[in-house]
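S.K.: The following block contains the structure, expressed as structure tokens.
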Amino acid sequence: MAATKQAAPQRSGVPADRQRRARRIAYLGCAAALGYGVLKAVWSLGGTVGLRDPEQFRPAPQGITGVARFFDYWGTPILAGVAVVILLGLVYPWGNVAVVRPLLRALAWAGSLLALTGVGEFVQTIRYYAGDLSKAWLGGIQPATFLFVGACFLVLGLAFGVPAWLTRR
């Protein structure tokens, strides 16, 4: 028996070439979200990857309740998972439900603002390397970590906006 290639899932009303491009960009955005989410999860578990001074980075929170502490540590990795769901919903048929589609598109357009945050991270890191900012600005984080986070935000922001645009009807 010859193996047949199964067609990729299609969203109704969207040309196949735009759908393929949107899916590739969404996958790239998923990688950026997971990269940032994993970094924050490592920090939440007590890891020191990308930190210059872990004691300065994570001071003991005073007067924070258990719920607030949970979201302080795990809020960002959870939001990274939500970003993956939004991106995949834009390019897979399960996100094409009449109620879900407008919500996913609105969230994607809002998420595209993360690209501005990524650009801001790059500008601030360049200013640090140029000598305009002191080490106190880093807050215990390595400069290369800011570049990584900036790249994740830039890619994630573009990956929200471009598939939202490409999968329009």
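Labels used: A, B, ... for chains in the order of the structure tokens, numbers from 1 for residues in each chain, and numbers from 1 for ligands as shown.
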Quick one: contact table of segment 26-96 of chain A to segment 101-107 of chain A, 10 Å max, nearest atom pair and distance in Å to one decimal per residue, counting only C-alpha atoms, chain and number order, as JSON lines?
M.R.:
{"residue": "A:Ala83", "atom": "CA", "partner": "A:Leu107", "partner_atom": "CA", "distance": 9.1}
{"residue": "A:Val85", "atom": "CA", "partner": "A:Leu104", "partner_atom": "CA", "distance": 9.2}
{"residue": "A:Ile86", "atom": "CA", "partner": "A:Leu104", "partner_atom": "CA", "distance": 5.9}
{"residue": "A:Leu87", "atom": "CA", "partner": "A:Leu104", "partner_atom": "CA", "distance": 8.2}
{"residue": "A:Leu88", "atom": "CA", "partner": "A:Leu104", "partner_atom": "CA", "distance": 9.7}
{"residue": "A:Gly89", "atom": "CA", "partner": "A:Leu104", "partner_atom": "CA", "distance": 6.9}
{"residue": "A:Leu90", "atom": "CA", "partner": "A:Leu104", "partner_atom": "CA", "distance": 6.6}
{"residue": "A:Pro93", "atom": "CA", "partner": "A:Arg101", "partner_atom": "CA", "distance": 9.8}
{"residue": "A:Trp94", "atom": "CA", "partner": "A:Arg101", "partner_atom": "CA", "distance": 9.1}
{"residue": "A:Gly95", "atom": "CA", "partner": "A:Arg101", "partner_atom": "CA", "distance": 5.7}
{"residue": "A:Asn96", "atom": "CA", "partner": "A:Arg101", "partner_atom": "CA", "distance": 5.2}
S.K.: As a VMD selection string, please: the residues near Val119 of chain A (cut-off 8 Å, only C-alpha atoms, same-chain neighbours under 3 positions excluded).
M.R.: chain A and resid 115 to 116 122 to 123 150 154
S.K.: Could you pull the residues within 10 Å of Trp43 of chain A, counting only C-alpha atoms, minus those fewer than 3 positions along the same chain, as a PyMOL selection string?
M.R.: chain A and resi 37-40+46-51+54+57-58+73-74
S.K.: With N, CA and C atoms retained, could you export that selection as an mmCIF file, in the first residue's frame?
M.R.:
data_model
loop_
_atom_site.group_PDB
_atom_site.id
_atom_site.type_symbol
_atom_site.label_atom_id
_atom_site.label_comp_id
_atom_site.auth_asym_id
_atom_site.auth_seq_id
_atom_site.Cartn_x
_atom_site.Cartn_y
_atom_site.Cartn_z
ATOM 1 N N GLY A 37 7.932 31.067 27.816
ATOM 2 C CA GLY A 37 7.222 30.379 28.894
ATOM 3 C C GLY A 37 8.112 29.412 29.645
ATOM 4 N N VAL A 38 8.964 28.693 28.915
ATOM 5 C CA VAL A 38 9.886 27.752 29.568
ATOM 6 C C VAL A 38 10.905 28.506 30.409
ATOM 7 N N LEU A 39 11.419 29.628 29.903
ATOM 8 C CA LEU A 39 12.356 30.432 30.685
ATOM 9 C C LEU A 39 11.720 30.878 32.000
ATOM 10 N N LYS A 40 10.492 31.388 31.924
ATOM 11 C CA LYS A 40 9.816 31.830 33.140
ATOM 12 C C LYS A 40 9.467 30.665 34.064
ATOM 13 N N GLY A 46 12.938 27.924 40.506
ATOM 14 C CA GLY A 46 14.156 28.239 41.240
ATOM 15 C C GLY A 46 15.420 28.199 40.411
ATOM 16 N N GLY A 47 15.303 27.995 39.105
ATOM 17 C CA GLY A 47 16.479 27.973 38.233
ATOM 18 C C GLY A 47 17.076 29.358 38.082
ATOM 19 N N THR A 48 18.326 29.393 37.683
ATOM 20 C CA THR A 48 19.027 30.675 37.549
ATOM 21 C C THR A 48 19.524 30.911 36.124
ATOM 22 N N VAL A 49 18.940 30.233 35.148
ATOM 23 C CA VAL A 49 19.347 30.399 33.757
ATOM 24 C C VAL A 49 19.094 31.838 33.333
ATOM 25 N N GLY A 50 20.105 32.491 32.815
ATOM 26 C CA GLY A 50 19.968 33.853 32.331
ATOM 27 C C GLY A 50 19.971 34.932 33.396
ATOM 28 N N LEU A 51 20.231 34.548 34.637
ATOM 29 C CA LEU A 51 20.249 35.529 35.714
ATOM 30 C C LEU A 51 21.683 35.852 36.109
ATOM 31 N N PRO A 54 20.644 36.188 41.091
ATOM 32 C CA PRO A 54 19.317 35.660 41.433
ATOM 33 C C PRO A 54 18.712 36.282 42.687
ATOM 34 N N PHE A 57 17.135 39.493 41.654
ATOM 35 C CA PHE A 57 16.018 39.279 40.740
ATOM 36 C C PHE A 57 14.740 38.913 41.477
ATOM 37 N N ARG A 58 14.831 38.037 42.444
ATOM 38 C CA ARG A 58 13.633 37.525 43.120
ATOM 39 C C ARG A 58 13.686 37.828 44.605
ATOM 40 N N TYR A 73 4.488 33.774 40.172
ATOM 41 C CA TYR A 73 5.422 32.767 39.660
ATOM 42 C C TYR A 73 4.951 32.114 38.362
ATOM 43 N N TRP A 74 3.686 31.759 38.274
ATOM 44 C CA TRP A 74 3.200 30.910 37.183
ATOM 45 C C TRP A 74 2.305 31.621 36.188
#
S.K.: Quick check, in Å to one decimal: how far apart do atom CA of Ser134 of chain A and atom CA of Phe146 of chain A lie?
M.R.: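 These atoms are spaced 14.3 Å apart.
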S.K.: My list of candidates is A:Gly35, A:Gly13, A:Gly157, A:Pro163. Which is closest to Leu113 of chain A when distances are computed with only C-alpha atoms?
M.R.: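 Looking only at the distances to Leu113 of chain A, the closest residue turns out to be A:Gly157.
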S.K.: Could you give me the residues within segment 85-155 of chain A that DSSP places in alpha helix (DSSP H), as a VMD selection string?
M.R.: chain A and resid 85 to 91 100 to 111 114 to 130 143 to 155
S.K.: Find the spatial neighbours of Thr76 of chain A, counting only C-alpha atoms, within a cut-off of 9 Å - ignore same-chain residues fewer than 3 positions away - and output them as a VMD selection string.
M.R.: chain A and resid 36 to 37 40 to 41 71 to 73 79 to 81
S.K.: With N, CA and C atoms retained, export the selected residues as a PDB file, in the first residue's frame.
M.R.:
ATOM      1  N   TYR A  36       9.771  31.599  25.775  1.00  0.00           N
ATOM      2  CA  TYR A  36       9.629  32.540  26.882  1.00  0.00           C
ATOM      3  C   TYR A  36       8.946  31.870  28.073  1.00  0.00           C
ATOM      4  N   GLY A  37       7.932  31.067  27.816  1.00  0.00           N
ATOM      5  CA  GLY A  37       7.222  30.379  28.894  1.00  0.00           C
ATOM      6  C   GLY A  37       8.112  29.412  29.645  1.00  0.00           C
ATOM      7  N   LYS A  40      10.492  31.388  31.924  1.00  0.00           N
ATOM      8  CA  LYS A  40       9.816  31.830  33.140  1.00  0.00           C
ATOM      9  C   LYS A  40       9.467  30.665  34.064  1.00  0.00           C
ATOM     10  N   ALA A  41       9.150  29.502  33.489  1.00  0.00           N
ATOM     11  CA  ALA A  41       8.872  28.325  34.323  1.00  0.00           C
ATOM     12  C   ALA A  41      10.140  27.874  35.047  1.00  0.00           C
ATOM     13  N   PHE A  71       0.261  33.465  40.929  1.00  0.00           N
ATOM     14  CA  PHE A  71       0.270  34.174  39.653  1.00  0.00           C
ATOM     15  C   PHE A  71       1.563  34.934  39.422  1.00  0.00           C
ATOM     16  N   ASP A  72       2.237  35.346  40.487  1.00  0.00           N
ATOM     17  CA  ASP A  72       3.538  35.991  40.344  1.00  0.00           C
ATOM     18  C   ASP A  72       4.540  35.011  39.731  1.00  0.00           C
ATOM     19  N   TYR A  73       4.488  33.774  40.172  1.00  0.00           N
ATOM     20  CA  TYR A  73       5.422  32.767  39.660  1.00  0.00           C
ATOM     21  C   TYR A  73       4.951  32.114  38.362  1.00  0.00           C
ATOM     22  N   LEU A  79       0.129  32.155  30.615  1.00  0.00           N
ATOM     23  CA  LEU A  79      -0.210  33.026  29.489  1.00  0.00           C
ATOM     24  C   LEU A  79       0.502  32.594  28.207  1.00  0.00           C
ATOM     25  N   ALA A  80       1.700  32.053  28.322  1.00  0.00           N
ATOM     26  CA  ALA A  80       2.393  31.533  27.137  1.00  0.00           C
ATOM     27  C   ALA A  80       1.614  30.354  26.550  1.00  0.00           C
ATOM     28  N   GLY A  81       1.061  29.511  27.408  1.00  0.00           N
ATOM     29  CA  GLY A  81       0.221  28.413  26.925  1.00  0.00           C
ATOM     30  C   GLY A  81      -1.042  28.917  26.259  1.00  0.00           C
TER      31      GLY A  81
END
S.K.: Which of these, A:Leu138, A:Ala144, A:Leu158, A:Val91, has the shortest distance to Gly118 of chain A once you count only C-alpha atoms?
M.R.: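 Of the candidates, the smallest distance to Gly118 of chain A is held by A:Leu158.
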